[in-house]
$ cat structure34.pdb   # PDB, C-alpha atoms, pLDDT in the B column
ATOM      1  CA  MET A   1      40.062 -62.023  17.657  1.00 73.00           C
ATOM      2  CA  GLU A   2      41.851 -58.664  17.898  1.00 81.00           C
ATOM      3  CA  GLY A   3      43.709 -56.969  15.092  1.00 92.00           C
ATOM      4  CA  THR A   4      44.650 -53.694  13.479  1.00 97.00           C
ATOM      5  CA  ARG A   5      44.243 -52.096  10.105  1.00 97.00           C
ATOM      6  CA  LEU A   6      44.649 -48.710   8.517  1.00 97.00           C
ATOM      7  CA  ALA A   7      41.700 -46.451   9.210  1.00 97.00           C
ATOM      8  CA  GLN A   8      39.262 -45.925   6.356  1.00 97.00           C
ATOM      9  CA  LEU A   9      36.856 -43.109   5.623  1.00 95.00           C
ATOM     10  CA  SER A  10      34.030 -45.373   6.737  1.00 96.00           C
ATOM     11  CA  ASP A  11      35.587 -45.348  10.245  1.00 96.00           C
ATOM     12  CA  ALA A  12      35.064 -41.590  10.691  1.00 95.00           C
ATOM     13  CA  GLU A  13      31.989 -41.816  12.921  1.00 95.00           C
ATOM     14  CA  VAL A  14      33.362 -44.486  15.255  1.00 96.00           C
ATOM     15  CA  CYS A  15      36.742 -42.706  15.469  1.00 95.00           C
ATOM     16  CA  ALA A  16      34.965 -39.464  16.396  1.00 93.00           C
ATOM     17  CA  GLU A  17      33.005 -41.268  19.118  1.00 93.00           C
ATOM     18  CA  LEU A  18      36.157 -42.926  20.471  1.00 94.00           C
ATOM     19  CA  CYS A  19      37.876 -39.544  20.462  1.00 89.00           C
ATOM     20  CA  ARG A  20      35.034 -38.033  22.510  1.00 87.00           C
ATOM     21  CA  ASP A  21      35.411 -40.908  24.986  1.00 89.00           C
ATOM     22  CA  ALA A  22      39.178 -40.337  25.177  1.00 85.00           C
ATOM     23  CA  LEU A  23      38.752 -36.620  25.841  1.00 81.00           C
ATOM     24  CA  GLU A  24      36.155 -37.317  28.506  1.00 81.00           C
ATOM     25  CA  ALA A  25      38.548 -39.737  30.207  1.00 79.00           C
ATOM     26  CA  LEU A  26      41.303 -37.092  30.183  1.00 73.00           C
ATOM     27  CA  GLU A  27      39.164 -34.555  32.022  1.00 78.00           C
ATOM     28  CA  GLY A  28      39.354 -36.424  35.311  1.00 77.00           C
ATOM     29  CA  ARG A  29      43.135 -36.812  35.274  1.00 78.00           C
ATOM     30  CA  ARG A  30      45.781 -34.476  36.625  1.00 77.00           C
ATOM     31  CA  GLY A  31      46.833 -32.238  33.734  1.00 70.00           C
ATOM     32  CA  GLY A  32      44.246 -33.861  31.500  1.00 70.00           C
ATOM     33  CA  SER A  33      42.102 -30.868  30.588  1.00 72.00           C
ATOM     34  CA  LEU A  34      45.112 -28.754  29.544  1.00 67.00           C
ATOM     35  CA  PHE A  35      46.587 -31.713  27.661  1.00 69.00           C
ATOM     36  CA  ALA A  36      43.269 -32.197  25.844  1.00 63.00           C
ATOM     37  CA  ARG A  37      43.178 -28.550  24.793  1.00 65.00           C
ATOM     38  CA  ARG A  38      46.855 -28.017  24.042  1.00 61.00           C
ATOM     39  CA  GLU A  39      48.718 -31.170  23.062  1.00 65.00           C
ATOM     40  CA  SER A  40      45.959 -33.332  21.652  1.00 61.00           C
ATOM     41  CA  GLY A  41      43.427 -30.641  20.787  1.00 58.00           C
ATOM     42  CA  LEU A  42      44.179 -30.335  17.076  1.00 66.00           C
ATOM     43  CA  ILE A  43      44.018 -34.069  16.484  1.00 73.00           C
ATOM     44  CA  ALA A  44      40.843 -34.390  18.540  1.00 74.00           C
ATOM     45  CA  LYS A  45      39.179 -31.550  16.639  1.00 74.00           C
ATOM     46  CA  ALA A  46      40.219 -33.119  13.355  1.00 78.00           C
ATOM     47  CA  LEU A  47      38.742 -36.490  14.275  1.00 79.00           C
ATOM     48  CA  MET A  48      35.476 -35.030  15.519  1.00 81.00           C
ATOM     49  CA  ARG A  49      34.834 -32.708  12.552  1.00 85.00           C
ATOM     50  CA  PRO A  50      33.192 -33.833   9.330  1.00 87.00           C
ATOM     51  CA  GLY A  51      35.974 -34.642   6.884  1.00 88.00           C
ATOM     52  CA  GLY A  52      38.603 -34.570   9.621  1.00 88.00           C
ATOM     53  CA  LEU A  53      39.607 -38.202   9.329  1.00 93.00           C
ATOM     54  CA  SER A  54      39.878 -37.703   5.577  1.00 93.00           C
ATOM     55  CA  ARG A  55      42.401 -34.889   6.100  1.00 92.00           C
ATOM     56  CA  LEU A  56      44.430 -36.993   8.537  1.00 93.00           C
ATOM     57  CA  LEU A  57      44.464 -39.925   6.113  1.00 95.00           C
ATOM     58  CA  ALA A  58      45.609 -37.644   3.277  1.00 95.00           C
ATOM     59  CA  ASP A  59      48.618 -36.322   5.236  1.00 95.00           C
ATOM     60  CA  PRO A  60      51.669 -38.429   4.251  1.00 96.00           C
ATOM     61  CA  ARG A  61      53.355 -37.575   7.577  1.00 95.00           C
ATOM     62  CA  ARG A  62      50.518 -39.178   9.528  1.00 96.00           C
ATOM     63  CA  ARG A  63      49.186 -42.677   9.987  1.00 97.00           C
ATOM     64  CA  VAL A  64      45.839 -43.591  11.537  1.00 96.00           C
ATOM     65  CA  VAL A  65      45.224 -47.182  12.557  1.00 97.00           C
ATOM     66  CA  VAL A  66      42.212 -48.719  14.207  1.00 98.00           C
ATOM     67  CA  GLY A  67      42.150 -51.639  16.593  1.00 98.00           C
ATOM     68  CA  THR A  68      39.446 -54.242  16.174  1.00 97.00           C
ATOM     69  CA  ILE A  69      37.891 -57.175  17.948  1.00 96.00           C
ATOM     70  CA  ASP A  70      35.967 -59.493  15.637  1.00 94.00           C
ATOM     71  CA  ALA A  71      36.168 -56.746  12.964  1.00 94.00           C
ATOM     72  CA  VAL A  72      34.475 -54.182  15.268  1.00 96.00           C
ATOM     73  CA  VAL A  73      36.524 -50.990  15.772  1.00 97.00           C
ATOM     74  CA  VAL A  74      37.273 -50.545  19.496  1.00 98.00           C
ATOM     75  CA  GLY A  75      40.290 -48.230  19.396  1.00 97.00           C
ATOM     76  CA  PHE A  76      42.388 -45.870  17.335  1.00 96.00           C
ATOM     77  CA  ALA A  77      45.981 -44.699  17.242  1.00 96.00           C
ATOM     78  CA  ILE A  78      47.441 -41.745  15.396  1.00 95.00           C
ATOM     79  CA  GLY A  79      51.098 -41.140  14.718  1.00 96.00           C
ATOM     80  CA  LYS A  80      53.139 -38.636  12.782  1.00 95.00           C
ATOM     81  CA  VAL A  81      56.671 -38.406  11.517  1.00 97.00           C
ATOM     82  CA  ASP A  82      58.312 -35.273  12.908  1.00 95.00           C
ATOM     83  CA  PRO A  83      61.516 -34.226  11.105  1.00 93.00           C
ATOM     84  CA  VAL A  84      64.161 -33.175  13.631  1.00 88.00           C
ATOM     85  CA  GLY A  85      67.376 -32.203  11.886  1.00 83.00           C
ATOM     86  CA  GLU A  86      68.813 -35.148   9.986  1.00 85.00           C
ATOM     87  CA  ALA A  87      66.741 -37.730  11.854  1.00 86.00           C
ATOM     88  CA  SER A  88      63.000 -37.962  12.278  1.00 95.00           C
ATOM     89  CA  VAL A  89      61.106 -38.792  15.452  1.00 95.00           C
ATOM     90  CA  GLY A  90      57.867 -40.724  15.466  1.00 96.00           C
ATOM     91  CA  VAL A  91      55.236 -39.048  17.616  1.00 94.00           C
ATOM     92  CA  LEU A  92      52.262 -40.898  18.996  1.00 94.00           C
ATOM     93  CA  ASP A  93      49.558 -38.227  18.794  1.00 91.00           C
ATOM     94  CA  GLY A  94      46.920 -40.397  20.377  1.00 90.00           C
ATOM     95  CA  LEU A  95      46.056 -43.945  21.322  1.00 93.00           C
ATOM     96  CA  TYR A  96      42.754 -44.971  22.865  1.00 93.00           C
ATOM     97  CA  VAL A  97      41.003 -48.291  23.450  1.00 96.00           C
ATOM     98  CA  GLN A  98      37.494 -48.604  24.854  1.00 95.00           C
ATOM     99  CA  GLN A  99      37.701 -49.228  28.590  1.00 91.00           C
ATOM    100  CA  ALA A 100      35.599 -52.392  28.442  1.00 94.00           C
ATOM    101  CA  VAL A 101      38.020 -54.185  26.097  1.00 95.00           C
ATOM    102  CA  ARG A 102      41.389 -53.172  27.527  1.00 93.00           C
ATOM    103  CA  GLY A 103      43.897 -55.810  28.452  1.00 90.00           C
ATOM    104  CA  VAL A 104      43.404 -58.097  25.451  1.00 93.00           C
ATOM    105  CA  GLY A 105      46.173 -56.676  23.247  1.00 95.00           C
ATOM    106  CA  VAL A 106      44.412 -54.127  21.018  1.00 97.00           C
ATOM    107  CA  GLY A 107      46.537 -51.213  22.256  1.00 96.00           C
ATOM    108  CA  HIS A 108      49.734 -53.229  21.895  1.00 96.00           C
ATOM    109  CA  ALA A 109      48.799 -54.245  18.354  1.00 97.00           C
ATOM    110  CA  MET A 110      48.065 -50.654  17.301  1.00 97.00           C
ATOM    111  CA  LEU A 111      51.301 -49.369  18.846  1.00 97.00           C
ATOM    112  CA  HIS A 112      53.284 -52.172  17.149  1.00 97.00           C
ATOM    113  CA  ALA A 113      51.729 -51.172  13.810  1.00 98.00           C
ATOM    114  CA  LEU A 114      52.705 -47.528  14.264  1.00 98.00           C
ATOM    115  CA  VAL A 115      56.220 -48.370  15.477  1.00 97.00           C
ATOM    116  CA  ALA A 116      56.744 -50.512  12.366  1.00 97.00           C
ATOM    117  CA  TRP A 117      55.596 -47.581  10.199  1.00 98.00           C
ATOM    118  CA  PHE A 118      57.884 -45.176  12.089  1.00 97.00           C
ATOM    119  CA  GLU A 119      60.833 -47.525  11.497  1.00 97.00           C
ATOM    120  CA  ALA A 120      59.986 -47.858   7.808  1.00 96.00           C
ATOM    121  CA  SER A 121      59.752 -44.051   7.629  1.00 96.00           C
ATOM    122  CA  GLY A 122      63.301 -43.643   8.938  1.00 95.00           C
ATOM    123  CA  CYS A 123      62.489 -42.495  12.464  1.00 96.00           C
ATOM    124  CA  ARG A 124      65.222 -42.915  15.057  1.00 95.00           C
ATOM    125  CA  SER A 125      62.910 -42.962  18.068  1.00 96.00           C
ATOM    126  CA  VAL A 126      59.281 -42.647  19.130  1.00 96.00           C
ATOM    127  CA  ASP A 127      57.747 -40.237  21.633  1.00 94.00           C
ATOM    128  CA  ALA A 128      54.526 -40.973  23.523  1.00 93.00           C
ATOM    129  CA  THR A 129      52.857 -39.039  26.328  1.00 88.00           C
ATOM    130  CA  ALA A 130      51.449 -40.192  29.659  1.00 86.00           C
ATOM    131  CA  LEU A 131      49.872 -37.892  32.204  1.00 82.00           C
ATOM    132  CA  PRO A 132      51.266 -37.679  35.747  1.00 81.00           C
ATOM    133  CA  GLY A 133      49.717 -40.275  37.986  1.00 81.00           C
ATOM    134  CA  ASP A 134      48.395 -42.285  35.034  1.00 83.00           C
ATOM    135  CA  ARG A 135      50.061 -45.513  36.107  1.00 87.00           C
ATOM    136  CA  GLU A 136      48.083 -47.589  33.577  1.00 89.00           C
ATOM    137  CA  SER A 137      49.469 -45.623  30.605  1.00 89.00           C
ATOM    138  CA  LYS A 138      52.959 -45.426  32.070  1.00 90.00           C
ATOM    139  CA  ASN A 139      53.050 -49.187  32.620  1.00 92.00           C
ATOM    140  CA  PHE A 140      51.681 -49.777  29.119  1.00 94.00           C
ATOM    141  CA  PHE A 141      54.422 -47.697  27.489  1.00 93.00           C
ATOM    142  CA  GLU A 142      57.186 -49.039  29.708  1.00 94.00           C
ATOM    143  CA  GLY A 143      56.042 -52.563  28.840  1.00 94.00           C
ATOM    144  CA  MET A 144      56.539 -51.621  25.184  1.00 94.00           C
ATOM    145  CA  GLY A 145      60.122 -50.450  25.830  1.00 95.00           C
ATOM    146  CA  PHE A 146      59.511 -46.717  26.332  1.00 94.00           C
ATOM    147  CA  LYS A 147      61.469 -44.699  28.911  1.00 94.00           C
ATOM    148  CA  ALA A 148      60.829 -41.177  30.166  1.00 90.00           C
ATOM    149  CA  ARG A 149      62.993 -38.579  28.433  1.00 88.00           C
ATOM    150  CA  LEU A 150      61.200 -35.381  29.478  1.00 83.00           C
ATOM    151  CA  ILE A 151      58.961 -34.261  32.303  1.00 82.00           C
ATOM    152  CA  THR A 152      56.964 -31.093  31.699  1.00 78.00           C
ATOM    153  CA  MET A 153      56.317 -29.006  34.783  1.00 80.00           C
ATOM    154  CA  ASN A 154      53.298 -26.670  34.994  1.00 73.00           C
ATOM    155  CA  ARG A 155      52.176 -24.069  37.502  1.00 69.00           C
ATOM    156  CA  SER A 156      48.635 -22.773  37.563  1.00 76.00           C
ATOM    157  CA  LEU A 157      48.314 -19.024  37.902  1.00 88.00           C
ATOM    158  CA  HIS A 158      44.673 -19.052  39.024  1.00 80.00           C
TER     159      HIS A 158
END
$ encode --input "structure34.pdb" --output "structure tokens"
Amino acid sequence: MEGTRLAQLSDAEVCAELCRDALEALEGRRGGSLFARRESGLIAKALMRPGGLSRLLADPRRRVVVGTIDAVVVGFAIGKVDPVGEASVGVLDGLYVQQAVRGVGVGHAMLHALVAWFEASGCRSVDATALPGDRESKNFFEGMGFKARLITMNRSLH
């Protein structure tokens, strides 16, 4: 049975391994290597360093949840509350589920948990990122009620 819970310090090793898997998966996607270094790089480095999960858990603006199947951690999701003027925006910094167990609701459950926390934290909306051509992620987010609000264009100089 799948579920979610707040991450615990004892989850540090499995979260680091899942993060490595997520970064590896990004490398083969259009825009993925730059996204891994720029947009998700700080979170990835935090998760993969000793004590990194501890620092994320200690930050009151962040929430780390893990997704489980039969109490085994198979995914993680990280969100933060980003103050923007008078209203805050929830930002999904990362969400990853092991490839072999996708499609059973773990990702949905983790995103629901973070959205509930964003609402309780006074956020007016939630931002999540999908890479161009990543139809699986785009469909996932659209199925959860997300709509595109920004497209970032990039031009390589080399």
$ resolve_selection --input "structure34.pdb" --expression "the PyMOL selection byres ((chain A and resi 151) around 12)" --output "list in words"
Ala128, Thr129, Ala130, Leu131, Pro132, Lys147, Ala148, Arg149, Leu150, Thr152, Met153 and Asn154 of chain A
$ write_last_selection --input "structure34.pdb" --atoms "C-alpha atoms" --output "CSV table (one decimal), in the coordinates of the input"
chain,number,residue,atom,x,y,z
A,128,ALA,CA,54.5,-41.0,23.5
A,129,THR,CA,52.9,-39.0,26.3
A,130,ALA,CA,51.4,-40.2,29.7
A,131,LEU,CA,49.9,-37.9,32.2
A,132,PRO,CA,51.3,-37.7,35.7
A,147,LYS,CA,61.5,-44.7,28.9
A,148,ALA,CA,60.8,-41.2,30.2
A,149,ARG,CA,63.0,-38.6,28.4
A,150,LEU,CA,61.2,-35.4,29.5
A,152,THR,CA,57.0,-31.1,31.7
A,153,MET,CA,56.3,-29.0,34.8
A,154,ASN,CA,53.3,-26.7,35.0
$ atom_distance --input "structure34.pdb" --atom1 "CA of Trp117 in chain A" --atom2 "CA of Pro60 in chain A"
11.6 Å
$ resolve_selection --input "structure34.pdb" --expression "the PyMOL selection byres ((chain A and resi 100-115) around 8)" --output "short mmCIF file (atom, residue, chain, number, x, y, z; two decimals) with C-alpha atoms, keeping the file's coordinate frame"
data_model
loop_
_atom_site.label_atom_id
_atom_site.label_comp_id
_atom_site.auth_asym_id
_atom_site.auth_seq_id
_atom_site.Cartn_x
_atom_site.Cartn_y
_atom_site.Cartn_z
CA GLU A 2 41.85 -58.66 17.90
CA GLY A 3 43.71 -56.97 15.09
CA THR A 4 44.65 -53.69 13.48
CA ARG A 63 49.19 -42.68 9.99
CA VAL A 65 45.22 -47.18 12.56
CA VAL A 66 42.21 -48.72 14.21
CA GLY A 67 42.15 -51.64 16.59
CA THR A 68 39.45 -54.24 16.17
CA ILE A 69 37.89 -57.18 17.95
CA VAL A 74 37.27 -50.54 19.50
CA GLY A 75 40.29 -48.23 19.40
CA PHE A 76 42.39 -45.87 17.34
CA ALA A 77 45.98 -44.70 17.24
CA ILE A 78 47.44 -41.74 15.40
CA GLY A 79 51.10 -41.14 14.72
CA GLY A 90 57.87 -40.72 15.47
CA LEU A 95 46.06 -43.94 21.32
CA TYR A 96 42.75 -44.97 22.86
CA VAL A 97 41.00 -48.29 23.45
CA GLN A 98 37.49 -48.60 24.85
CA GLN A 99 37.70 -49.23 28.59
CA ALA A 116 56.74 -50.51 12.37
CA TRP A 117 55.60 -47.58 10.20
CA PHE A 118 57.88 -45.18 12.09
CA GLU A 119 60.83 -47.52 11.50
CA VAL A 126 59.28 -42.65 19.13
CA MET A 144 56.54 -51.62 25.18
#
$ axis_aligned_box --input "structure34.pdb" --around "range 44-60 of chain A" --padding-each-side "4 Å" --output "JSON"
{"center_x": 42.4, "center_y": -35.7, "center_z": 10.9, "size_x": 26.5, "size_y": 16.4, "size_z": 23.3}
$ atom_distance --input "structure34.pdb" --atom1 "CA of Gly145 in chain A" --atom2 "CA of Glu24 in chain A"
27.5 Å
$ closest_residue --input "structure34.pdb" --among "A:Met1, A:Val81, A:Ala12, A:Leu26" --to "Ser121 in chain A" --atoms "only C-alpha atoms"
A:Val81
$ residues_near_point --input "structure34.pdb" --point "(34.3, -41.9, 11.6)" --cutoff "10 Å" --atoms "all atoms listed in the file" --output "PDB file with C-alpha atoms, keeping the file's coordinate frame"
ATOM      1  CA  ALA A   7      41.700 -46.451   9.210  1.00 97.00           C
ATOM      2  CA  GLN A   8      39.262 -45.925   6.356  1.00 97.00           C
ATOM      3  CA  LEU A   9      36.856 -43.109   5.623  1.00 95.00           C
ATOM      4  CA  SER A  10      34.030 -45.373   6.737  1.00 96.00           C
ATOM      5  CA  ASP A  11      35.587 -45.348  10.245  1.00 96.00           C
ATOM      6  CA  ALA A  12      35.064 -41.590  10.691  1.00 95.00           C
ATOM      7  CA  GLU A  13      31.989 -41.816  12.921  1.00 95.00           C
ATOM      8  CA  VAL A  14      33.362 -44.486  15.255  1.00 96.00           C
ATOM      9  CA  CYS A  15      36.742 -42.706  15.469  1.00 95.00           C
ATOM     10  CA  ALA A  16      34.965 -39.464  16.396  1.00 93.00           C
ATOM     11  CA  GLU A  17      33.005 -41.268  19.118  1.00 93.00           C
ATOM     12  CA  LEU A  18      36.157 -42.926  20.471  1.00 94.00           C
ATOM     13  CA  CYS A  19      37.876 -39.544  20.462  1.00 89.00           C
ATOM     14  CA  LEU A  47      38.742 -36.490  14.275  1.00 79.00           C
ATOM     15  CA  MET A  48      35.476 -35.030  15.519  1.00 81.00           C
ATOM     16  CA  ARG A  49      34.834 -32.708  12.552  1.00 85.00           C
ATOM     17  CA  PRO A  50      33.192 -33.833   9.330  1.00 87.00           C
ATOM     18  CA  GLY A  51      35.974 -34.642   6.884  1.00 88.00           C
ATOM     19  CA  GLY A  52      38.603 -34.570   9.621  1.00 88.00           C
ATOM     20  CA  LEU A  53      39.607 -38.202   9.329  1.00 93.00           C
ATOM     21  CA  SER A  54      39.878 -37.703   5.577  1.00 93.00           C
TER      22      SER A  54
END
$ atom_distance --input "structure34.pdb" --atom1 "CA of Ile43 in chain A" --atom2 "CA of Glu86 in chain A"
25.7 Å
$ closest_residue --input "structure34.pdb" --among "A:Asp93, A:Asp127, A:Glu27, A:Asp82" --to "Val64 in chain A" --atoms "all atoms listed in the file"
A:Asp93
